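Engineer: Next comes the structure file coords.cif, holding mmCIF, C-alpha atoms.
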```cif
data_query
#
loop_
_atom_site.label_atom_id
_atom_site.label_comp_id
_atom_site.auth_asym_id
_atom_site.auth_seq_id
_atom_site.Cartn_x
_atom_site.Cartn_y
_atom_site.Cartn_z
CA MET D 1 27.59 -94.73 -185.42
CA ASN D 2 26.01 -93.59 -188.65
CA SER D 3 23.38 -96.24 -189.09
CA LEU D 4 19.67 -95.68 -188.54
CA LEU D 5 18.56 -95.77 -184.93
CA LYS D 6 15.41 -97.47 -183.71
CA ARG D 7 13.86 -97.78 -180.27
CA CYS D 8 13.71 -101.35 -179.03
CA PRO D 9 10.17 -102.74 -179.13
CA ASP D 10 9.91 -103.19 -175.34
CA VAL D 11 10.71 -99.53 -174.63
CA ARG D 12 8.10 -96.95 -173.66
CA PHE D 13 8.70 -93.35 -172.79
CA ARG D 14 6.84 -90.24 -171.79
CA ARG D 15 7.89 -86.64 -171.38
CA LEU D 16 7.45 -84.98 -168.01
CA GLY D 17 8.58 -81.37 -167.98
CA ASP D 18 12.05 -81.08 -169.48
CA GLU D 19 12.85 -84.75 -168.94
CA SER D 20 11.63 -88.12 -170.15
CA VAL D 21 10.87 -91.29 -168.25
CA VAL D 22 11.88 -94.40 -170.15
CA VAL D 23 10.76 -97.91 -169.26
CA LYS D 24 12.48 -101.01 -170.62
CA GLN D 25 9.65 -103.38 -169.91
CA SER D 26 11.40 -106.69 -170.46
CA ALA D 27 14.07 -105.84 -167.89
CA GLY D 28 11.83 -103.93 -165.49
CA GLU D 29 14.17 -100.94 -165.70
CA VAL D 30 13.17 -97.28 -165.45
CA PHE D 31 15.41 -94.45 -166.66
CA VAL D 32 15.18 -90.67 -166.52
CA LEU D 33 16.67 -88.82 -169.49
CA ASN D 34 17.36 -85.12 -169.89
CA GLY D 35 15.98 -83.07 -172.79
CA ILE D 36 18.40 -84.06 -175.53
CA GLY D 37 18.56 -87.68 -174.37
CA GLY D 38 14.79 -87.91 -174.46
CA ARG D 39 14.62 -86.38 -177.94
CA VAL D 40 17.27 -88.78 -179.25
CA LEU D 41 15.11 -91.65 -178.05
CA GLU D 42 11.96 -90.06 -179.41
CA LEU D 43 13.49 -89.50 -182.84
CA ALA D 44 14.89 -93.04 -183.01
CA ASP D 45 12.04 -94.41 -185.10
CA GLY D 46 14.17 -96.36 -187.54
CA THR D 47 14.21 -93.68 -190.25
CA VAL D 48 16.70 -91.18 -188.83
CA ASP D 49 20.48 -91.37 -188.55
CA ILE D 50 22.67 -89.26 -186.28
CA PRO D 51 23.48 -86.45 -188.76
CA ARG D 52 19.76 -85.94 -189.37
CA MET D 53 19.07 -86.03 -185.63
CA VAL D 54 21.65 -83.30 -185.15
CA ASP D 55 19.90 -81.25 -187.85
CA ARG D 56 16.60 -81.57 -186.00
CA LEU D 57 17.98 -80.85 -182.55
CA GLU D 58 20.00 -77.88 -183.74
CA ALA D 59 16.70 -76.24 -184.62
CA GLU D 60 15.18 -77.11 -181.23
CA PHE D 61 17.94 -76.41 -178.72
CA ASP D 62 19.88 -73.24 -178.12
CA ALA D 63 23.33 -74.79 -178.46
CA ALA D 64 26.14 -74.91 -181.00
CA ARG D 65 25.91 -77.66 -183.62
CA ASP D 66 29.20 -79.24 -182.65
CA VAL D 67 28.11 -79.43 -179.01
CA ILE D 68 24.80 -81.04 -179.99
CA ALA D 69 26.60 -83.47 -182.28
CA VAL D 70 28.86 -84.65 -179.43
CA ASP D 71 25.86 -85.00 -177.08
CA VAL D 72 23.80 -86.93 -179.60
CA GLU D 73 26.65 -89.29 -180.39
CA ARG D 74 27.22 -89.93 -176.69
CA PHE D 75 23.55 -90.38 -175.87
CA ALA D 76 23.04 -92.72 -178.81
CA ARG D 77 25.91 -94.87 -177.62
CA GLU D 78 24.63 -94.93 -174.04
CA LEU D 79 21.06 -95.68 -175.10
CA GLU D 80 22.30 -98.54 -177.24
CA GLN D 81 24.39 -99.93 -174.38
CA ALA D 82 21.33 -99.73 -172.11
CA GLY D 83 19.30 -101.73 -174.62
CA LEU D 84 16.93 -98.87 -175.36
CA ILE D 85 17.79 -98.38 -179.04
CA GLU D 86 19.36 -100.50 -181.72
CA SER D 87 21.28 -99.68 -184.86
CA LEU D 88 19.74 -100.76 -188.12
CA PRO D 89 21.79 -101.33 -191.26
CA GLU D 90 21.12 -98.56 -193.74
CA SER D 91 19.51 -99.79 -196.90
CA GLY D 92 21.35 -98.97 -200.08
CA PRO D 93 20.11 -96.54 -202.75
CA MET X 94 13.51 -120.34 -168.68
CA THR X 95 9.98 -121.61 -169.29
CA PHE X 96 7.29 -119.92 -167.22
CA GLY X 97 6.71 -121.86 -164.01
CA SER X 98 9.62 -124.26 -164.42
CA GLN X 99 11.19 -123.07 -161.16
CA PHE X 100 8.14 -124.25 -159.18
CA LEU X 101 6.10 -126.64 -161.29
CA ARG X 102 6.86 -130.20 -162.28
CA TYR X 103 4.75 -129.88 -165.41
CA PRO X 104 4.77 -126.21 -166.44
CA ASP X 105 3.25 -127.09 -169.81
CA LEU X 106 0.15 -128.30 -167.96
CA PHE X 107 -0.49 -124.96 -166.27
CA PRO X 108 -4.29 -124.57 -166.17
CA ALA X 109 -5.54 -122.89 -169.32
CA ARG X 110 -8.87 -121.96 -167.80
CA ILE X 111 -10.55 -121.57 -164.45
CA GLY X 112 -11.83 -124.92 -163.26
CA GLY X 113 -11.07 -128.04 -161.28
CA GLU X 114 -11.91 -129.77 -158.04
CA VAL X 115 -12.57 -127.33 -155.21
CA TRP X 116 -11.34 -127.98 -151.68
CA GLY X 117 -14.80 -127.50 -150.19
CA GLU X 118 -17.81 -125.22 -150.12
CA ARG X 119 -16.61 -122.74 -147.50
CA GLU X 120 -16.06 -119.11 -148.42
CA VAL X 121 -14.61 -115.91 -146.98
CA TRP X 122 -15.50 -112.32 -147.89
CA ILE X 123 -12.91 -109.61 -147.40
CA ASP X 124 -13.39 -105.85 -147.58
CA LEU X 125 -10.29 -104.19 -149.04
CA PRO X 126 -9.73 -101.56 -151.75
CA GLY X 127 -10.83 -102.75 -155.19
CA GLY X 128 -13.16 -105.36 -153.61
CA PRO X 129 -15.02 -106.77 -151.85
CA TYR X 130 -13.18 -110.00 -152.48
CA ALA X 131 -14.80 -113.41 -152.20
CA PHE X 132 -12.66 -116.52 -151.81
CA THR X 133 -14.76 -119.62 -152.47
CA GLY X 134 -14.16 -123.33 -152.76
CA LEU X 135 -12.33 -123.41 -149.43
CA SER X 136 -11.91 -126.29 -147.05
CA GLU X 137 -12.83 -125.74 -143.41
CA ARG X 138 -9.16 -125.41 -142.46
CA GLN X 139 -8.54 -122.88 -145.22
CA GLU X 140 -11.58 -120.88 -144.17
CA LEU X 141 -10.51 -120.80 -140.53
CA ALA X 142 -6.99 -119.74 -141.44
CA MET X 143 -8.29 -116.89 -143.59
CA ARG X 144 -10.80 -115.75 -141.00
CA ALA X 145 -8.05 -115.60 -138.41
CA ARG X 146 -5.76 -113.70 -140.77
CA TYR X 147 -8.24 -111.13 -142.10
CA GLY X 148 -10.45 -110.76 -139.03
CA ASP X 149 -10.79 -106.97 -139.12
CA TYR X 150 -11.50 -106.99 -142.83
CA LEU X 151 -14.11 -109.74 -143.02
CA ARG X 152 -17.54 -108.77 -144.30
CA GLU X 153 -20.88 -110.20 -145.28
CA PRO X 154 -21.50 -111.26 -148.90
CA ALA X 155 -22.23 -108.37 -151.26
CA PRO X 156 -23.81 -108.25 -154.72
CA ASP X 157 -20.76 -106.81 -156.50
CA PHE X 158 -17.60 -108.67 -155.70
CA VAL X 159 -14.34 -110.02 -157.05
CA ALA X 160 -14.44 -113.79 -156.96
CA THR X 161 -11.53 -116.15 -156.54
CA ARG X 162 -12.11 -119.89 -156.60
CA VAL X 163 -9.63 -122.13 -154.79
CA PHE X 164 -8.95 -125.52 -156.37
CA ARG X 165 -7.11 -128.59 -155.27
CA ALA X 166 -3.76 -129.44 -156.84
CA GLN X 167 -1.57 -132.46 -156.19
CA GLN X 168 1.60 -132.10 -154.16
CA SER X 169 3.34 -133.87 -157.04
CA ASP X 170 2.42 -130.93 -159.30
CA PHE X 171 4.99 -128.82 -157.47
CA LEU X 172 8.75 -129.09 -157.25
CA GLU X 173 10.56 -129.17 -153.94
CA VAL X 174 12.36 -125.84 -153.63
CA ASP X 175 15.54 -125.51 -151.63
CA THR X 176 14.96 -122.17 -149.90
CA ARG X 177 18.31 -121.88 -148.14
CA GLY X 178 19.86 -118.51 -148.96
CA TRP X 179 17.10 -117.86 -151.44
CA GLU X 180 14.89 -114.82 -151.94
CA TYR X 181 11.40 -115.86 -152.93
CA SER X 182 9.88 -114.17 -155.95
CA LEU X 183 6.88 -115.37 -157.89
CA ASP X 184 7.07 -116.33 -161.52
CA VAL X 185 4.58 -114.18 -163.42
CA GLU X 186 3.58 -114.28 -167.08
CA HIS X 187 1.49 -111.54 -168.65
CA GLU X 188 -0.94 -112.32 -171.43
CA ALA X 189 -3.51 -110.12 -173.12
CA GLY X 190 -6.37 -111.89 -171.37
CA ALA X 191 -4.84 -113.14 -168.14
CA ILE X 192 -1.97 -112.97 -165.70
CA LEU X 193 -0.44 -116.33 -164.77
CA ILE X 194 1.31 -116.80 -161.44
CA ALA X 195 3.45 -119.71 -160.29
CA GLY X 196 5.01 -120.04 -156.87
CA MET X 197 5.57 -122.46 -154.03
CA ASN X 198 2.48 -124.69 -153.89
CA LEU X 199 0.71 -122.15 -156.04
CA MET X 200 -0.65 -121.84 -159.53
CA ALA X 201 -3.03 -118.96 -160.21
CA ARG X 202 -4.82 -117.20 -163.02
CA LEU X 203 -6.07 -113.63 -162.90
CA GLU X 204 -8.73 -112.85 -165.49
CA LEU X 205 -9.69 -109.32 -164.64
CA GLN X 206 -12.30 -108.80 -167.29
CA ALA X 207 -14.44 -111.60 -165.94
CA ARG X 208 -16.66 -111.64 -162.84
CA GLN X 209 -14.85 -114.80 -161.78
CA ALA X 210 -11.63 -112.83 -161.55
CA GLY X 211 -9.26 -115.42 -160.30
CA ALA X 212 -8.39 -118.99 -159.52
CA VAL X 213 -5.83 -120.52 -157.22
CA TRP X 214 -4.66 -124.12 -157.42
CA THR X 215 -2.78 -125.32 -154.40
CA SER X 216 -1.88 -128.53 -152.66
CA GLU X 217 -1.99 -126.85 -149.23
CA ASP X 218 -4.73 -126.46 -146.69
CA ARG X 219 -2.52 -126.51 -143.59
CA GLU X 220 -2.98 -123.28 -141.68
CA GLU X 221 0.71 -122.38 -141.63
CA TYR X 222 0.91 -122.51 -145.43
CA VAL X 223 -2.54 -121.38 -146.59
CA ILE X 224 -2.07 -117.69 -145.89
CA GLY X 225 1.26 -117.54 -147.68
CA VAL X 226 -0.24 -119.20 -150.74
CA VAL X 227 -3.33 -117.00 -150.75
CA GLU X 228 -1.45 -113.77 -150.18
CA ASN X 229 0.93 -114.46 -153.03
CA PHE X 230 -2.17 -114.30 -155.18
CA PHE X 231 -4.13 -111.70 -153.23
CA ARG X 232 -1.46 -109.00 -153.37
CA PRO X 233 -1.27 -108.89 -157.18
CA LEU X 234 -5.05 -109.28 -157.46
CA LEU X 235 -5.58 -106.24 -155.27
CA ALA X 236 -2.87 -104.24 -157.05
CA TYR X 237 -4.51 -104.89 -160.41
CA ARG X 238 -8.01 -104.13 -159.13
CA VAL X 239 -7.10 -100.77 -157.65
CA ALA X 240 -4.98 -99.84 -160.68
CA GLU X 241 -8.01 -100.39 -162.91
CA ARG X 242 -9.84 -97.85 -160.76
CA GLY X 243 -7.26 -95.08 -160.89
CA ALA X 244 -5.55 -95.89 -157.59
CA LEU X 245 -2.21 -97.56 -156.96
CA VAL X 246 -0.50 -99.88 -154.56
CA LEU X 247 2.93 -98.69 -153.48
CA HIS X 248 5.78 -100.49 -151.78
CA SER X 249 6.06 -97.91 -149.06
CA SER X 250 6.07 -97.02 -145.42
CA ALA X 251 3.51 -94.41 -144.37
CA VAL X 252 3.70 -92.31 -141.21
CA VAL X 253 0.90 -90.09 -139.88
CA LEU X 254 1.77 -86.67 -138.43
CA ASP X 255 -0.80 -84.03 -137.56
CA GLY X 256 -3.49 -85.65 -139.68
CA GLY X 257 -1.37 -85.96 -142.81
CA ALA X 258 0.41 -89.03 -144.14
CA TYR X 259 4.05 -88.97 -145.19
CA VAL X 260 4.73 -91.78 -147.61
CA PHE X 261 8.29 -93.13 -147.89
CA VAL X 262 9.07 -95.14 -151.01
CA GLY X 263 12.26 -96.81 -152.05
CA ARG X 264 13.88 -99.89 -153.40
CA SER X 265 14.17 -102.97 -151.25
CA GLY X 266 16.60 -102.16 -148.46
CA ALA X 267 16.22 -98.38 -148.81
CA GLY X 268 14.99 -98.10 -145.24
CA LYS X 269 11.17 -98.25 -145.32
CA SER X 270 10.92 -100.55 -142.32
CA THR X 271 13.58 -98.52 -140.50
CA VAL X 272 11.44 -95.42 -140.99
CA ALA X 273 8.44 -97.30 -139.55
CA ARG X 274 10.43 -98.45 -136.53
CA LEU X 275 11.80 -94.98 -135.90
CA ALA X 276 8.29 -93.51 -136.26
CA LEU X 277 6.87 -95.91 -133.68
CA GLU X 278 9.76 -95.15 -131.32
CA ARG X 279 8.98 -91.43 -131.68
CA GLY X 280 5.31 -91.97 -130.98
CA HIS X 281 4.01 -91.46 -134.50
CA ALA X 282 1.32 -93.69 -135.97
CA ILE X 283 2.21 -95.77 -139.00
CA LEU X 284 0.09 -97.32 -141.69
CA SER X 285 1.72 -100.29 -143.44
CA ASP X 286 5.50 -100.53 -143.58
CA ASP X 287 5.28 -102.57 -146.79
CA LEU X 288 2.23 -101.96 -148.99
CA ASN X 289 -0.15 -98.99 -148.92
CA VAL X 290 -2.79 -97.94 -151.41
CA LEU X 291 -3.08 -94.40 -152.74
CA SER X 292 -6.50 -93.29 -154.01
CA PRO X 293 -7.59 -89.99 -155.59
CA ALA X 294 -9.59 -87.77 -153.25
CA GLY X 295 -10.73 -84.43 -154.62
CA SER X 296 -7.67 -82.43 -155.61
CA GLY X 297 -5.35 -84.68 -153.61
CA TRP X 298 -4.76 -88.30 -152.67
CA ASN X 299 -5.55 -90.46 -149.68
CA VAL X 300 -3.49 -93.35 -148.41
CA ALA X 301 -4.75 -96.43 -146.62
CA ARG X 302 -2.81 -99.27 -145.15
CA LEU X 303 -3.17 -102.77 -146.50
CA PRO X 304 -3.00 -105.75 -144.17
CA PHE X 305 0.22 -106.85 -145.81
CA ALA X 306 2.72 -105.54 -143.28
CA GLY X 307 6.43 -106.03 -143.60
CA GLU X 308 8.35 -106.26 -140.35
CA TYR X 309 5.74 -104.54 -138.22
CA PRO X 310 2.56 -106.29 -137.26
CA ASP X 311 -0.91 -105.57 -138.44
CA HIS X 312 -2.36 -102.66 -136.47
CA GLY X 313 -5.95 -103.58 -137.24
CA ARG X 314 -8.22 -102.08 -139.83
CA GLY X 315 -6.58 -98.89 -140.96
CA GLU X 316 -7.77 -95.37 -141.41
CA THR X 317 -7.63 -93.39 -144.63
CA VAL X 318 -5.36 -90.35 -144.36
CA PRO X 319 -4.70 -87.46 -146.80
CA VAL X 320 -1.23 -87.71 -148.32
CA ALA X 321 0.86 -84.69 -147.30
CA ALA X 322 4.08 -85.62 -149.09
CA ILE X 323 5.96 -88.47 -150.70
CA TYR X 324 9.64 -89.05 -150.07
CA GLU X 325 11.93 -91.23 -152.12
CA LEU X 326 14.32 -92.78 -149.63
CA GLU X 327 18.01 -92.85 -150.25
CA LYS X 328 20.61 -93.95 -147.75
CA GLY X 329 23.34 -91.42 -147.05
CA ALA X 330 25.79 -90.19 -144.46
CA THR X 331 23.63 -87.24 -143.42
CA HIS X 332 19.98 -86.20 -143.47
CA ALA X 333 18.82 -83.95 -146.28
CA LEU X 334 15.73 -83.20 -148.27
CA SER X 335 16.31 -82.39 -151.94
CA PRO X 336 13.90 -81.52 -154.72
CA THR X 337 13.20 -84.01 -157.49
CA THR X 338 11.98 -83.38 -161.00
CA PRO X 339 8.56 -84.69 -162.05
CA ALA X 340 10.28 -87.32 -164.20
CA ALA X 341 12.44 -88.53 -161.31
CA SER X 342 9.40 -88.71 -159.01
CA PHE X 343 7.44 -90.58 -161.66
CA ALA X 344 10.27 -93.07 -162.11
CA ALA X 345 10.57 -93.61 -158.34
CA LEU X 346 6.86 -94.29 -157.94
CA LEU X 347 6.71 -96.57 -160.98
CA ARG X 348 9.55 -98.67 -159.60
CA CYS X 349 7.61 -99.03 -156.33
CA ALA X 350 4.21 -99.92 -157.83
CA PRO X 351 4.46 -103.72 -157.76
CA TYR X 352 2.94 -106.27 -160.11
CA VAL X 353 1.23 -103.88 -162.52
CA ASN X 354 4.43 -102.00 -163.37
CA GLY X 355 5.78 -105.11 -165.05
CA ASP X 356 2.68 -105.81 -167.14
CA PRO X 357 2.95 -104.40 -170.67
CA TYR X 358 -0.77 -104.97 -171.29
CA ARG X 359 -2.05 -103.09 -168.26
CA VAL X 360 0.60 -100.61 -167.16
CA SER X 361 -0.77 -97.55 -168.98
CA ARG X 362 -3.61 -96.94 -166.52
CA LEU X 363 -1.13 -97.16 -163.66
CA GLU X 364 1.14 -94.66 -165.35
CA GLU X 365 -1.74 -92.20 -165.70
CA SER X 366 -2.38 -92.49 -161.96
CA ILE X 367 1.29 -91.94 -161.17
CA SER X 368 1.32 -88.83 -163.36
CA ALA X 369 -1.62 -87.51 -161.36
CA VAL X 370 0.10 -88.26 -158.04
CA VAL X 371 3.24 -86.42 -159.17
CA ARG X 372 1.07 -83.49 -160.22
CA ASP X 373 -0.96 -83.36 -157.01
CA VAL X 374 1.40 -84.35 -154.19
CA PRO X 375 4.73 -82.77 -153.19
CA CYS X 376 7.48 -85.29 -153.93
CA SER X 377 11.12 -85.02 -152.92
CA ARG X 378 14.12 -87.16 -152.07
CA LEU X 379 15.04 -87.83 -148.46
CA THR X 380 18.60 -88.84 -147.83
CA PHE X 381 18.88 -90.36 -144.39
CA SER X 382 21.35 -92.39 -142.40
CA LEU X 383 18.99 -94.91 -140.77
CA ASP X 384 18.78 -92.95 -137.51
CA PRO X 385 16.11 -90.61 -136.10
CA GLY X 386 17.97 -87.42 -137.06
CA PHE X 387 15.72 -86.86 -140.08
CA TRP X 388 12.54 -86.38 -138.05
CA PRO X 389 12.94 -82.62 -137.51
CA ILE X 390 12.92 -82.18 -141.29
CA ILE X 391 9.64 -84.07 -141.65
CA GLU X 392 8.03 -82.66 -138.52
CA GLU X 393 8.80 -79.10 -139.55
CA ARG X 394 7.01 -79.64 -142.84
CA ALA X 395 4.07 -81.15 -140.98
CA ILE X 396 3.80 -78.02 -138.82
CA LEU X 397 3.98 -75.79 -141.90
CA ARG X 398 1.18 -77.61 -143.72
#
```
Please re-express this file's structure in structure tokens.
Structural biologist:
Amino acid sequence: MNSLLKRCPDVRFRRLGDESVVVKQSAGEVFVLNGIGGRVLELADGTVDIPRMVDRLEAEFDAARDVIAVDVERFARELEQAGLIESLPESGP
Amino acid sequence: MTFGSQFLRYPDLFPARIGGEVWGEREVWIDLPGGPYAFTGLSERQELAMRARYGDYLREPAPDFVATRVFRAQQSDFLEVDTRGWEYSLDVEHEAGAILIAGMNLMARLELQARQAGAVWTSEDREEYVIGVVENFFRPLLAYRVAERGALVLHSSAVVLDGGAYVFVGRSGAGKSTVARLALERGHAILSDDLNVLSPAGSGWNVARLPFAGEYPDHGRGETVPVAAIYELEKGATHALSPTTPAASFAALLRCAPYVNGDPYRVSRLEESISAVVRDVPCSRLTFSLDPGFWPIIEERAILR
């Protein structure tokens, strides 16, 4: 999953403490995400791919890069399966 | 599926504005949070049915009010619905300027920015059907009105102990009505076992019952009680109280704030109110096994308040 990630247009989220509440309005679903999950969703603005997300989160969280990379990959997959983010084709150079 | 097609023979002809032939010139004024509410254009039978239903909440006309006009529709405008084994839910469409509602013998528009806030078109003025039609409009109307004012309607059961209200929220089937029944059996007062309204009060929140009870009958015009705690209900094998994070509490309350929580144009004010509730009121998760064994947990907290 190396394409750009973008939040789906019907998704809203807000941070509360260390977690985030995510609403998928069209389905009437409400999710609670932990810190890294919430940041993955927050960073998914259509301009960032997973390696760049890992770069950002490595600076923010006190965890080894390889651990963060596994978490981000997993969260991205789960968020996509839940219909919260979508993969965009990367545009060429 | 096209909006309204489950209930309406001609969904494309859903009224685009408030107007039509009224049933009559009778009216009823109701005093509930977000109101007072005036229902006008009623027939005599509709008026009598509403007066009987809302007796404790009736009031005299007031200068500032939320008006709903009731118009006549043809029976042929509505489809026959086979209700066997069927759970009724309204069809709702959200627009920037209005909320459209379709249901059994019901078309309605909510236009909250206008003084004439709503309109109901129905083919029914028989007593046994009028209240159902009106309440399918009145509940969302009230939820939107209070949300605009920083309060919120919650699908909940509220129990009063030692002057404080304990509000139990949960998904359908989580046990809200069971809590109400067990409270009554234990001698505790309950507010509504279906819909209550939470309003800011100083540094805390008050809760008041709405006359939209679930399984337990209307207990008359309700008091307003300070909220002592909110519990998210979860069925389990044993009884236990466990802490929840602010995000989990927020999510639980948002799921239980009907009508407005599904409206992308108007949900933000509701979410601000829920954030304030989570900040101001102790929230936790109550796992219980649908029997009275959980009361000592709640009653101990009431004593410690």
Engineer: Provide the atom CA of D:Lys24 to atom CA of D:Gly83 distance in Å, to one decimal place.
Structural biologist: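 According to the coordinates, atom CA of D:Lys24 and atom CA of D:Gly83 are separated by 7.9 Å.
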Engineer: At a cut-off of 12 Å, can you tabulate as a tab-separated table every residue of chain D near chain X together with its closest atom pair and the distance in Å to one decimal, using only C-alpha atoms and ordering rows by chain then number?
Structural biologist:
```
residue	atom	partner	partner_atom	distance
D:Pro9	CA	X:Pro357	CA	11.2
D:Asp10	CA	X:Pro357	CA	8.5
D:Val11	CA	X:Pro357	CA	10.0
D:Arg12	CA	X:Pro357	CA	9.5
D:Phe13	CA	X:Ala340	CA	10.6
D:Arg14	CA	X:Ala340	CA	8.8
D:Arg15	CA	X:Ala340	CA	7.6
D:Leu16	CA	X:Ala340	CA	5.3
D:Gly17	CA	X:Pro339	CA	6.8
D:Asp18	CA	X:Ala340	CA	8.4
D:Glu19	CA	X:Ala340	CA	6.0
D:Ser20	CA	X:Ala340	CA	6.2
D:Val21	CA	X:Ala340	CA	5.7
D:Val22	CA	X:Ala344	CA	8.3
D:Val23	CA	X:Ala344	CA	8.6
D:Lys24	CA	X:Gly355	CA	9.6
D:Gln25	CA	X:Gly355	CA	6.4
D:Ser26	CA	X:Gly355	CA	8.0
D:Ala27	CA	X:Gly355	CA	8.8
D:Gly28	CA	X:Gly355	CA	6.2
D:Glu29	CA	X:Arg348	CA	8.0
D:Val30	CA	X:Ala344	CA	6.1
D:Phe31	CA	X:Ala344	CA	7.0
D:Val32	CA	X:Ala341	CA	6.3
D:Leu33	CA	X:Ala340	CA	8.4
D:Asn34	CA	X:Ala340	CA	9.3
D:Gly35	CA	X:Ala340	CA	11.2
D:Gly38	CA	X:Ala340	CA	11.2
```
Engineer: Which residues, named as in the file, does the PyMOL selection byres ((chain D and resi 63-76) around 9) pick out? Answer as a list in words.
Structural biologist: Met1, Leu5, Ile36, Gly37, Val40, Leu41, Ile50, Pro51, Met53, Val54, Asp55, Leu57, Glu58, Glu60, Phe61, Asp62, Arg77, Glu78, Leu79, Glu80, Gln81 and Ile85 of chain D
Engineer: Env of stretch 148-151 of chain X: 12 Å cut, atoms = all atoms listed in the file, seq-sep filter 2 positions within chain, self excluded. Answer as a ChimeraX atom specification.
Structural biologist: /X:120-126,128-132,140-146,153-155,302-304,311-315
Engineer: Compare X:Phe171, X:Phe158, X:Tyr147, X:Tyr259 by their minimum atom-to-atom distance to X:Gly97, counting all atoms listed in the file, and give me the closest one.
Structural biologist: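 Result for the nearest residue to X:Gly97: X:Phe171.
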Engineer: Looking at X:Ala201, X:Leu291, X:Ala321, X:Ala236, which one is nearest to X:Gly256, with distances taken over only C-alpha atoms?
Structural biologist: X:Ala321
Engineer: Which residue out of X:Gly297, X:Asp170, X:Arg177, X:Gly127 has the minimum interatomic distance to X:Val239 when only C-alpha atoms are used?
Structural biologist: X:Gly127
